[in-house]
$ cat data_35.txt   # compact mmCIF, C-alpha atoms and all ligand atoms
# COMPACT_ATOMS: atom_id res chain seq x y z
CA MET A 4 -3.81 274.87 110.86
CA ASN A 5 -4.52 271.17 110.39
CA ASN A 6 -7.78 271.24 108.48
CA THR A 7 -8.13 267.53 107.68
CA SER A 8 -11.22 267.80 105.48
CA PHE A 9 -9.57 270.50 103.34
CA TRP A 10 -6.78 268.06 102.46
CA GLN A 11 -9.22 265.29 101.69
CA GLU A 12 -11.11 267.39 99.17
CA THR A 13 -10.15 267.47 95.51
CA ILE A 14 -10.26 270.49 93.22
CA SER A 15 -11.71 270.89 89.76
CA ILE A 16 -10.22 273.32 87.26
CA GLY A 17 -12.69 274.58 84.67
CA GLY A 18 -15.21 271.83 85.31
CA GLN A 19 -12.69 269.08 84.55
CA ALA A 20 -12.44 265.83 86.51
CA ALA A 21 -11.52 266.54 90.12
CA VAL A 22 -7.84 266.24 90.95
CA SER A 23 -5.74 266.22 94.10
CA ARG A 24 -4.74 269.58 95.57
CA PHE A 25 -1.14 268.54 94.87
CA MET A 26 0.32 268.47 91.35
CA THR A 27 3.71 268.54 89.65
CA ALA A 28 5.21 271.87 88.60
CA PRO A 29 6.53 272.31 85.06
CA LEU A 30 10.35 272.08 85.18
CA ASP A 31 11.88 272.56 81.75
CA GLY A 32 14.66 270.05 81.12
CA VAL A 33 13.86 268.14 84.32
CA ILE A 34 10.21 267.05 84.47
CA ASP A 35 10.18 265.70 80.91
CA SER A 36 8.31 262.65 79.63
CA PRO A 37 10.68 260.08 81.23
CA MET A 38 10.53 261.91 84.56
CA ARG A 39 6.75 262.15 84.45
CA GLN A 40 6.60 258.42 83.81
CA MET A 41 8.79 257.93 86.88
CA ILE A 42 6.44 260.07 88.96
CA ARG A 43 3.48 258.03 87.67
CA LEU A 44 4.99 254.87 89.18
CA PHE A 45 4.09 256.39 92.54
CA SER A 46 1.32 258.90 91.78
CA PRO A 47 -1.12 257.55 89.18
CA ASN A 48 -3.71 260.36 89.28
CA GLU A 49 -2.27 263.78 90.09
CA LEU A 50 -2.24 266.56 87.50
CA MET A 51 1.03 267.04 85.62
CA PHE A 52 2.36 269.76 83.30
CA SER A 53 4.47 269.62 80.16
CA GLU A 54 7.67 271.61 79.95
CA MET A 55 7.17 275.15 78.61
CA ARG A 56 7.26 275.34 74.79
CA HIS A 57 6.90 278.43 72.58
CA VAL A 58 3.75 278.56 70.44
CA ASP A 59 5.86 279.09 67.29
CA THR A 60 7.83 275.90 68.02
CA VAL A 61 4.73 273.83 68.68
CA ALA A 62 3.04 275.09 65.52
CA ASN A 63 6.06 274.53 63.27
CA GLU A 64 8.18 271.64 64.55
CA LYS A 65 8.02 268.87 61.95
CA GLU A 66 7.80 265.78 64.12
CA GLY A 67 5.82 267.37 66.95
CA ARG A 68 8.50 266.35 69.43
CA SER A 69 7.19 268.56 72.25
CA LEU A 70 3.79 266.83 72.00
CA ILE A 71 5.11 263.30 72.66
CA TYR A 72 4.10 261.69 75.95
CA ALA A 73 3.17 258.27 77.29
CA PRO A 74 -0.54 257.61 77.99
CA CYS A 75 0.20 257.10 81.70
CA GLU A 76 1.23 260.77 81.98
CA GLN A 77 -2.40 261.91 81.70
CA PRO A 78 -4.01 264.03 83.07
CA LEU A 79 -1.48 266.33 81.42
CA VAL A 80 -1.61 270.11 80.87
CA PHE A 81 0.35 271.68 78.02
CA GLN A 82 2.27 274.86 78.85
CA PHE A 83 2.89 277.50 76.17
CA SER A 84 5.16 280.47 76.17
CA ALA A 85 4.31 283.25 73.72
CA ASN A 86 5.33 286.77 72.81
CA ARG A 87 3.04 287.13 69.79
CA ILE A 88 -0.18 285.62 68.49
CA ASN A 89 0.74 284.57 64.94
CA PHE A 90 0.97 280.83 65.54
CA ILE A 91 -1.42 280.46 68.47
CA PRO A 92 -4.37 278.95 66.53
CA LYS A 93 -2.17 276.31 64.86
CA ALA A 94 -0.31 275.49 68.08
CA VAL A 95 -3.57 275.09 70.00
CA GLU A 96 -4.97 272.71 67.36
CA ARG A 97 -1.85 270.55 67.55
CA VAL A 98 -1.93 270.42 71.35
CA LEU A 99 -5.62 269.50 71.42
CA ALA A 100 -5.20 266.90 68.67
CA ALA A 101 -2.43 265.35 70.80
CA GLY A 102 -4.94 264.91 73.64
CA PHE A 103 -3.72 267.34 76.30
CA LYS A 104 -6.41 268.01 78.90
CA ALA A 105 -5.81 271.73 79.43
CA ILE A 106 -3.58 274.62 78.34
CA ASN A 107 -1.49 276.90 80.51
CA LEU A 108 0.23 280.16 79.53
CA ASN A 109 3.63 280.78 81.09
CA SER A 110 3.88 284.36 82.29
CA ALA A 111 6.44 283.43 84.92
CA CYS A 112 9.73 282.27 83.41
CA PRO A 113 12.59 284.56 84.56
CA ALA A 114 15.30 283.21 82.19
CA PRO A 115 17.12 286.11 80.45
CA ALA A 116 16.73 284.66 76.93
CA VAL A 117 12.97 284.14 77.42
CA VAL A 118 12.47 287.57 78.96
CA ARG A 119 14.48 289.27 76.19
CA SER A 120 12.07 287.82 73.62
CA GLY A 121 9.14 289.37 75.51
CA SER A 122 7.67 286.07 76.74
CA GLY A 123 7.64 284.39 80.18
CA SER A 124 7.59 286.84 83.08
CA ALA A 125 8.19 289.79 80.70
CA LEU A 126 4.47 289.50 79.81
CA MET A 127 3.63 290.67 83.34
CA GLY A 128 5.42 293.89 82.47
CA ASN A 129 3.45 294.25 79.22
CA ILE A 130 -0.22 293.97 80.15
CA PRO A 131 -1.55 295.03 76.71
CA GLN A 132 0.39 292.21 75.00
CA LEU A 133 -0.54 289.72 77.72
CA THR A 134 -4.22 290.60 77.21
CA ILE A 135 -3.94 290.11 73.44
CA ILE A 136 -2.25 286.71 73.91
CA LEU A 137 -4.76 285.48 76.49
CA ASN A 138 -7.68 286.54 74.29
CA GLU A 139 -6.18 284.82 71.26
CA LEU A 140 -5.65 281.63 73.29
CA GLN A 141 -9.26 281.72 74.50
CA LYS A 142 -10.55 282.32 70.97
CA SER A 143 -8.50 279.41 69.60
CA ILE A 144 -9.36 277.01 72.43
CA ALA A 145 -13.05 277.94 72.04
CA GLY A 146 -14.09 276.32 75.32
CA ARG A 147 -12.78 272.87 74.43
CA VAL A 148 -10.37 272.68 77.42
CA PRO A 149 -9.63 275.00 80.35
CA LEU A 150 -7.00 277.74 80.06
CA SER A 151 -4.90 278.74 83.08
CA ILE A 152 -1.94 281.06 83.61
CA LYS A 153 1.26 280.73 85.62
CA ILE A 154 2.55 284.01 86.99
CA ARG A 155 5.15 285.47 89.37
CA ALA A 156 4.76 288.20 91.97
CA GLY A 157 5.53 290.50 89.06
CA PHE A 158 8.16 291.22 86.42
CA LYS A 159 10.20 294.01 88.04
CA GLU A 160 7.29 295.48 90.03
CA LYS A 161 4.77 293.37 91.92
CA ASN A 162 1.54 293.49 89.92
CA ALA A 163 0.31 289.89 90.35
CA LEU A 164 -3.00 291.08 91.78
CA THR A 165 -3.80 293.02 88.60
CA VAL A 166 -2.66 290.15 86.38
CA ALA A 167 -4.68 287.55 88.34
CA GLN A 168 -7.82 289.69 88.00
CA LEU A 169 -7.16 290.16 84.29
CA ALA A 170 -6.73 286.40 83.89
CA GLN A 171 -10.06 285.76 85.56
CA ASP A 172 -11.75 288.46 83.45
CA VAL A 173 -10.57 286.90 80.18
CA GLY A 174 -11.89 283.50 81.29
CA CYS A 175 -8.86 281.69 82.75
CA GLU A 176 -9.91 278.82 84.98
CA ALA A 177 -6.99 278.94 87.45
CA VAL A 178 -4.05 281.14 88.43
CA ILE A 179 -0.79 279.49 89.41
CA ILE A 180 1.62 281.75 91.25
CA HIS A 181 5.29 281.54 92.21
CA PRO A 182 5.41 284.59 94.47
CA ARG A 183 8.81 286.04 93.57
CA THR A 184 9.69 288.74 91.02
CA GLN A 185 11.78 288.08 87.92
CA PRO A 186 15.08 289.33 89.45
CA GLU A 187 14.48 286.99 92.41
CA ARG A 188 14.41 283.99 90.04
CA PHE A 189 13.97 280.89 92.27
CA SER A 190 15.33 282.14 95.60
CA GLY A 191 14.56 285.03 97.88
CA ARG A 192 11.59 285.82 100.04
CA LEU A 193 8.28 284.28 99.00
CA ASP A 194 5.46 286.84 99.22
CA PHE A 195 2.69 284.93 100.99
CA ASP A 196 0.69 288.12 101.65
CA LEU A 197 0.44 288.69 97.92
CA VAL A 198 -0.89 285.14 97.37
CA ALA A 199 -3.42 285.71 100.17
CA ALA A 200 -4.55 288.97 98.54
CA ILE A 201 -5.00 287.21 95.18
CA LYS A 202 -6.95 284.39 96.77
CA LYS A 203 -9.32 286.96 98.32
CA SER A 204 -9.77 288.90 95.08
CA ILE A 205 -10.59 286.16 92.56
CA SER A 206 -12.99 283.22 92.61
CA ILE A 207 -11.12 280.77 90.34
CA PRO A 208 -8.66 278.33 92.02
CA VAL A 209 -5.29 279.74 93.12
CA ILE A 210 -2.46 277.24 92.86
CA TYR A 211 0.70 278.02 94.83
CA SER A 212 4.20 277.07 93.60
CA GLY A 213 7.46 277.49 95.52
CA ASN A 214 9.70 275.57 97.92
CA ILE A 215 7.26 272.87 99.01
CA THR A 216 9.36 269.94 100.18
CA LYS A 217 6.95 268.28 102.59
CA PHE A 218 3.31 268.30 103.62
CA GLU A 219 3.93 270.46 106.70
CA VAL A 220 5.25 273.22 104.43
CA ALA A 221 2.10 273.06 102.27
CA GLN A 222 -0.05 273.17 105.42
CA ARG A 223 1.75 276.27 106.63
CA ILE A 224 1.47 277.95 103.23
CA HIS A 225 -2.22 277.12 103.06
CA SER A 226 -2.76 278.71 106.46
CA LEU A 227 -0.90 281.86 105.33
CA THR A 228 -2.44 282.20 101.87
CA GLY A 229 -5.66 280.18 101.60
CA ALA A 230 -4.33 278.71 98.31
CA ASP A 231 -6.45 275.92 96.81
CA GLY A 232 -3.72 273.81 95.21
CA PHE A 233 0.00 273.21 95.56
CA MET A 234 2.70 272.45 93.02
CA ILE A 235 5.74 270.34 93.75
CA GLY A 236 8.77 271.19 91.63
CA ARG A 237 12.41 270.91 92.60
CA ALA A 238 11.62 268.54 95.48
CA LEU A 239 10.92 265.87 92.83
CA TRP A 240 14.41 266.12 91.39
CA GLY A 241 16.08 262.81 92.22
CA ALA A 242 12.99 261.80 94.22
CA PRO A 243 10.08 260.93 91.90
CA TRP A 244 8.26 259.47 94.90
CA LYS A 245 8.07 262.92 96.57
CA LEU A 246 4.59 263.77 95.29
CA LYS A 247 3.27 260.50 96.69
CA GLU A 248 5.08 261.12 99.98
CA ILE A 249 3.42 264.54 100.33
CA VAL A 250 -0.04 263.38 99.22
CA SER A 251 0.18 260.36 101.57
CA ALA A 252 1.11 262.60 104.50
CA SER A 253 -1.86 264.86 103.68
CA GLN A 254 -4.13 261.79 103.94
CA ASN A 255 -2.44 260.44 107.10
CA ILE A 256 -1.24 257.41 105.13
CA PRO A 257 2.25 256.24 106.07
CA PHE A 258 4.70 256.19 103.15
CA SER A 259 8.43 256.58 102.87
CA ALA A 260 10.78 255.56 100.08
CA GLY A 261 13.52 253.20 101.10
CA LEU A 262 16.93 252.38 99.78
CA SER A 263 15.70 249.81 97.27
CA THR A 264 13.12 252.27 95.90
CA ALA A 265 15.90 254.74 95.15
CA PHE A 266 18.02 252.04 93.49
CA ASP A 267 15.12 250.84 91.36
CA CYS A 268 14.30 254.40 90.33
CA ILE A 269 17.82 255.15 89.16
CA VAL A 270 17.92 252.14 86.86
CA LYS A 271 14.35 252.53 85.59
CA HIS A 272 14.83 256.24 84.95
CA LEU A 273 18.01 255.63 82.94
CA ASP A 274 16.11 253.02 80.89
CA LEU A 275 13.29 255.50 80.17
CA ASN A 276 15.78 258.22 79.22
CA ALA A 277 17.55 255.86 76.83
CA GLN A 278 14.19 254.91 75.26
CA PHE A 279 13.00 258.52 74.91
CA TYR A 280 16.21 260.29 73.87
CA GLY A 281 18.03 257.39 72.19
CA PRO A 282 21.84 257.70 72.19
CA TYR A 283 21.62 261.03 74.07
CA GLY A 284 19.55 259.53 76.88
CA TYR A 285 22.41 258.74 79.23
CA GLY A 286 23.81 262.27 78.76
CA HIS A 287 20.41 263.77 79.67
CA PHE A 288 20.28 261.51 82.68
CA LYS A 289 23.42 263.01 84.24
CA LYS A 290 21.47 265.95 85.68
CA HIS A 291 19.15 263.51 87.48
CA LEU A 292 21.95 261.28 88.74
CA ALA A 293 23.60 264.03 90.72
CA TYR A 294 20.34 264.49 92.62
CA TYR A 295 19.54 260.80 93.06
CA ILE A 296 22.89 260.06 94.64
CA ARG A 297 23.35 263.21 96.71
CA THR A 298 22.77 261.39 100.01
CA PHE A 299 24.70 258.24 99.10
CA PRO A 300 28.02 257.60 100.85
CA ASN A 301 30.94 259.17 98.89
CA ALA A 302 28.43 261.01 96.70
CA ALA A 303 30.96 263.59 95.47
CA ASN A 304 33.41 260.95 94.19
CA TRP A 305 30.69 258.90 92.55
CA ARG A 306 29.21 262.01 90.98
CA THR A 307 32.53 262.92 89.37
CA LEU A 308 32.94 259.41 88.00
CA LEU A 309 29.39 259.25 86.67
CA LEU A 310 29.44 262.71 85.12
CA ARG A 311 32.63 261.82 83.27
CA SER A 312 31.19 258.62 81.81
CA GLN A 313 31.42 258.57 78.02
CA SER A 314 28.76 256.00 77.17
CA GLU A 315 25.58 254.45 78.53
CA GLU A 316 27.46 251.22 79.10
CA GLU A 317 30.18 252.93 81.15
CA MET A 318 27.51 254.76 83.16
CA ARG A 319 25.70 251.49 83.92
CA THR A 320 28.95 249.83 85.03
CA ILE A 321 29.76 252.68 87.44
CA LEU A 322 26.16 252.71 88.66
CA ASN A 323 26.27 249.00 89.46
CA ALA A 324 29.42 249.54 91.51
CA LEU A 325 27.83 252.47 93.33
CA LEU A 326 24.65 250.55 94.10
CA HIS A 327 26.71 247.64 95.36
CA GLU A 328 28.71 249.90 97.70
CA ALA A 329 25.62 251.73 98.94
CA ARG A 330 23.80 248.45 99.58
CA GLU A 331 26.74 247.10 101.54
CA SER A 332 27.16 250.20 103.68
CA ASN A 333 23.41 250.84 104.06
CA LEU A 334 24.23 254.48 104.77
CA TRP A 335 21.81 256.11 102.38
CA LEU A 336 19.65 258.76 103.97
CA PRO A 337 16.09 259.29 102.79
CA LEU A 338 15.82 262.48 100.67
C1 LIG B 1 15.12 274.01 86.22
C2 LIG B 1 13.78 274.68 86.30
C3 LIG B 1 12.95 274.66 85.19
C4 LIG B 1 11.69 275.29 85.25
N1 LIG B 1 10.89 275.25 84.15
C5 LIG B 1 9.65 275.81 84.21
C6 LIG B 1 8.77 275.74 83.11
O1 LIG B 1 9.06 275.17 82.04
N2 LIG B 1 7.55 276.34 83.24
C7 LIG B 1 7.17 276.97 84.40
O2 LIG B 1 6.05 277.48 84.48
N3 LIG B 1 7.98 277.04 85.46
C8 LIG B 1 9.20 276.46 85.39
N4 LIG B 1 10.00 276.50 86.50
C9 LIG B 1 9.47 277.04 87.77
C10 LIG B 1 8.78 275.93 88.58
O3 LIG B 1 7.62 275.46 87.95
C11 LIG B 1 8.41 276.40 90.00
O4 LIG B 1 7.47 277.44 89.92
C12 LIG B 1 9.62 276.89 90.79
O5 LIG B 1 10.71 276.00 90.63
C13 LIG B 1 9.28 277.01 92.28
O6 LIG B 1 8.76 275.81 92.78
P1 LIG B 1 9.65 274.68 93.54
O7 LIG B 1 10.39 275.39 94.64
O8 LIG B 1 8.64 273.68 94.00
O9 LIG B 1 10.60 274.15 92.51
C14 LIG B 1 11.28 275.93 86.44
C15 LIG B 1 12.13 275.95 87.54
C16 LIG B 1 13.36 275.33 87.49
C17 LIG B 1 14.25 275.37 88.71

$ encode --input "data_35.txt" --output "structure tokens"
Amino acid sequence: MNNTSFWQETISIGGQAAVSRFMTAPLDGVIDSPMRQMIRLFSPNELMFSEMRHVDTVANEKEGRSLIYAPCEQPLVFQFSANRINFIPKAVERVLAAGFKAINLNSACPAPAVVRSGSGSALMGNIPQLTIILNELQKSIAGRVPLSIKIRAGFKEKNALTVAQLAQDVGCEAVIIHPRTQPERFSGRLDFDLVAAIKKSISIPVIYSGNITKFEVAQRIHSLTGADGFMIGRALWGAPWKLKEIVSASQNIPFSAGLSTAFDCIVKHLDLNAQFYGPYGYGHFKKHLAYYIRTFPNAANWRTLLLRSQSEEEMRTILNALLHEARESNLWLPL
């Protein structure tokens, strides 16, 4: 279905300023402040999410590290994980004082350590605790910003329909769904029928998350599910222009990132990492590098060299050599 006007419309979550139907997904350890600043070079307005942080951490960390962001990252939603309510009021106050535009509860993370603590997707298997946490969040937020929830198809059993209805009943303003169960982690069959059933059963916006790499995929998923919004996650890894590429395609505006865009991004992103993380910045950047260079000629050899680099200076020297070779050969393929 190519419903042009649908893609030209914006959505509003909880009466907030209208935003594009496309937004970035939270990716812990990947879409951090430097990465969000990279995405902003291409996409100035789309909604973005923080990485998931536990309410206890946010309430108690001394320097408020998880609350640091650059002004350009707005509009920015803060994502909590929680397994208990003790620190929710304090964490909410800190997040709101830091200027985040909305709060999201993660009820989706499948990571064993998170699930063992009873947070993330484990909350979908513990509806009484999930209800207590959502109510406490609503009480603490007291209508100042919208609350939304990110869920999976279910924890072990698929109960997303029940959880989505519960979320709406306690006053959530949007449901974001990655339609796989916890054991399926981030691969396996996506349950589009389940998303369609949720869309039919609630009136708040349904945001879909999972495997969107280009506009045509989002179009297909919209036709199968009726979802209102679409998150882009792993497709942004090593391609911070991807959100713009997808949004541009949805608006019939030609855009494609070229070789020099990729080069510029690598250098700029390393700079931002060094600024944000200090001496550890180049180490953090290694996970991005592997993705940026995956379609460069001799990527495997360069990757080994870069991953072994022992200092920012050594990394920059190898990068310069790589960029020189790639420029000469002009063999880079668009991601
Ligand atoms: C490395 C990694 C980190 C993630 N971190 C978070 C997170 O902090 N919060 C969250 O709600 N989802 C997180 N997710 C899930 C993504 O937001 C998204 O739902 C999932 O990757 C599917 O979408 P995609 O195929 O577009 O990446 C993470 C996924 C990955 C692969």

$ closest_residue --input "data_35.txt" --among "A:Gly121, A:Gly191, A:Pro29, A:Gly232" --to "Glu12 in chain A" --atoms "all atoms listed in the file"
A:Gly232

$ residues_around --input "data_35.txt" --residues "Met41 in chain A" --least-positions-apart "6" --cutoff "9 Å" --atoms "only C-alpha atoms" --output "list in words"
Pro243, Trp244, Cys268, Lys271, His272 and Leu275 of chain A

$ write_last_selection --input "data_35.txt" --atoms "C-alpha atoms" --output "mmCIF file, keeping the file's coordinate frame"
data_model
loop_
_atom_site.group_PDB
_atom_site.id
_atom_site.type_symbol
_atom_site.label_atom_id
_atom_site.label_comp_id
_atom_site.auth_asym_id
_atom_site.auth_seq_id
_atom_site.Cartn_x
_atom_site.Cartn_y
_atom_site.Cartn_z
ATOM 1 C CA PRO A 243 10.080 260.930 91.900
ATOM 2 C CA TRP A 244 8.260 259.470 94.900
ATOM 3 C CA CYS A 268 14.300 254.400 90.330
ATOM 4 C CA LYS A 271 14.350 252.530 85.590
ATOM 5 C CA HIS A 272 14.830 256.240 84.950
ATOM 6 C CA LEU A 275 13.290 255.500 80.170
#

$ residues_near_ligand --input "data_35.txt" --ligand "ligand LIG 1 (chain B)" --cutoff "6 Å" --atoms "only C-alpha atoms and all ligand atoms" --output "ChimeraX atom specification"
/A:28-31,54-55,109,111-112,153,181,212-215,235-237

$ atom_distance --input "data_35.txt" --atom1 "CA of Leu150 in chain A" --atom2 "CA of Leu50 in chain A"
14.2 Å

$ residues_around --input "data_35.txt" --residues "Gly284 in chain A" --least-positions-apart "3" --cutoff "10 Å" --atoms "only C-alpha atoms" --output "PyMOL selection string"
chain A and resi 37+272-281+287-289+314-315

$ residues_around --input "data_35.txt" --residues "Asp59 in chain A" --least-positions-apart "5" --cutoff "12 Å" --atoms "all atoms listed in the file" --output "PyMOL selection string"
chain A and resi 64-65+67+69+83-95+97+122

$ write_last_selection --input "data_35.txt" --atoms "C-alpha atoms" --output "PDB file, in the frame of the given file"
ATOM      1  CA  GLU A  64       8.180 271.640  64.550  1.00  0.00           C
ATOM      2  CA  LYS A  65       8.020 268.870  61.950  1.00  0.00           C
ATOM      3  CA  GLY A  67       5.820 267.370  66.950  1.00  0.00           C
ATOM      4  CA  SER A  69       7.190 268.560  72.250  1.00  0.00           C
ATOM      5  CA  PHE A  83       2.890 277.500  76.170  1.00  0.00           C
ATOM      6  CA  SER A  84       5.160 280.470  76.170  1.00  0.00           C
ATOM      7  CA  ALA A  85       4.310 283.250  73.720  1.00  0.00           C
ATOM      8  CA  ASN A  86       5.330 286.770  72.810  1.00  0.00           C
ATOM      9  CA  ARG A  87       3.040 287.130  69.790  1.00  0.00           C
ATOM     10  CA  ILE A  88      -0.180 285.620  68.490  1.00  0.00           C
ATOM     11  CA  ASN A  89       0.740 284.570  64.940  1.00  0.00           C
ATOM     12  CA  PHE A  90       0.970 280.830  65.540  1.00  0.00           C
ATOM     13  CA  ILE A  91      -1.420 280.460  68.470  1.00  0.00           C
ATOM     14  CA  PRO A  92      -4.370 278.950  66.530  1.00  0.00           C
ATOM     15  CA  LYS A  93      -2.170 276.310  64.860  1.00  0.00           C
ATOM     16  CA  ALA A  94      -0.310 275.490  68.080  1.00  0.00           C
ATOM     17  CA  VAL A  95      -3.570 275.090  70.000  1.00  0.00           C
ATOM     18  CA  ARG A  97      -1.850 270.550  67.550  1.00  0.00           C
ATOM     19  CA  SER A 122       7.670 286.070  76.740  1.00  0.00           C
TER      20      SER A 122
END

$ residues_around --input "data_35.txt" --residues "Ile14 in chain A" --least-positions-apart "4" --cutoff "7 Å" --atoms "all atoms listed in the file" --output "mmCIF file with C-alpha atoms, in the coordinates of the input"
data_model
loop_
_atom_site.group_PDB
_atom_site.id
_atom_site.type_symbol
_atom_site.label_atom_id
_atom_site.label_comp_id
_atom_site.auth_asym_id
_atom_site.auth_seq_id
_atom_site.Cartn_x
_atom_site.Cartn_y
_atom_site.Cartn_z
ATOM 1 C CA ALA A 21 -11.520 266.540 90.120
ATOM 2 C CA VAL A 22 -7.840 266.240 90.950
ATOM 3 C CA SER A 23 -5.740 266.220 94.100
ATOM 4 C CA ARG A 24 -4.740 269.580 95.570
#

$ residues_near_point --input "data_35.txt" --point "(8.1, 257.4, 104.3)" --cutoff "10 Å" --atoms "only C-alpha atoms" --output "ChimeraX atom specification"
/A:244-245,247-249,251-252,256-261,337-338

$ closest_residue --input "data_35.txt" --among "A:Asp267, A:Asp231, A:Glu328, A:Glu160" --to "Met26 in chain A" --atoms "all atoms listed in the file"
A:Asp231

$ closest_residue --input "data_35.txt" --among "A:Ala265, A:Ala238, A:Arg297, A:Ile144" --to "Arg330 in chain A" --atoms "all atoms listed in the file"
A:Ala265

$ atom_distance --input "data_35.txt" --atom1 "CA of Phe45 in chain A" --atom2 "CA of Gln11 in chain A"
18.4 Å

$ decode --input "data_35.txt" --residues "range 304-317 of chain A" --atoms "N, CA, C and O atoms" --output "compact mmCIF listing (two decimals), in the first residue's frame"
# COMPACT_ATOMS: atom_id res chain seq x y z
N ASN A 304 40.60 -6.81 6.90
CA ASN A 304 41.97 -6.49 7.31
C ASN A 304 42.02 -5.18 8.08
O ASN A 304 42.67 -5.07 9.11
N TRP A 305 41.31 -4.18 7.54
CA TRP A 305 41.29 -2.89 8.21
C TRP A 305 40.67 -3.01 9.59
O TRP A 305 41.12 -2.39 10.55
N ARG A 306 39.61 -3.80 9.68
CA ARG A 306 38.93 -3.95 10.97
C ARG A 306 39.90 -4.50 12.02
O ARG A 306 39.99 -3.99 13.13
N THR A 307 40.64 -5.54 11.62
CA THR A 307 41.60 -6.14 12.57
C THR A 307 42.59 -5.09 13.03
O THR A 307 42.86 -4.95 14.23
N LEU A 308 43.13 -4.34 12.08
CA LEU A 308 44.13 -3.32 12.44
C LEU A 308 43.53 -2.28 13.39
O LEU A 308 44.13 -1.93 14.42
N LEU A 309 42.33 -1.81 13.05
CA LEU A 309 41.71 -0.75 13.84
C LEU A 309 41.32 -1.24 15.24
O LEU A 309 41.50 -0.53 16.22
N LEU A 310 40.82 -2.47 15.30
CA LEU A 310 40.40 -2.99 16.60
C LEU A 310 41.59 -3.23 17.52
O LEU A 310 41.47 -3.21 18.73
N ARG A 311 42.75 -3.44 16.91
CA ARG A 311 43.95 -3.66 17.73
C ARG A 311 44.61 -2.35 18.16
O ARG A 311 45.57 -2.38 18.94
N SER A 312 44.16 -1.23 17.62
CA SER A 312 44.86 0.03 17.93
C SER A 312 44.83 0.30 19.43
O SER A 312 43.84 0.03 20.12
N GLN A 313 45.93 0.84 19.92
CA GLN A 313 46.13 0.99 21.37
C GLN A 313 45.95 2.42 21.86
O GLN A 313 46.07 2.69 23.05
N SER A 314 45.74 3.35 20.93
CA SER A 314 45.55 4.74 21.34
C SER A 314 44.72 5.46 20.27
O SER A 314 44.60 4.98 19.14
N GLU A 315 44.18 6.62 20.67
CA GLU A 315 43.39 7.40 19.71
C GLU A 315 44.28 7.82 18.53
O GLU A 315 43.85 7.80 17.37
N GLU A 316 45.52 8.15 18.85
CA GLU A 316 46.43 8.61 17.80
C GLU A 316 46.68 7.49 16.78
O GLU A 316 46.63 7.72 15.57
N GLU A 317 46.93 6.27 17.30
CA GLU A 317 47.17 5.15 16.39
C GLU A 317 45.91 4.88 15.55
O GLU A 317 45.99 4.64 14.34
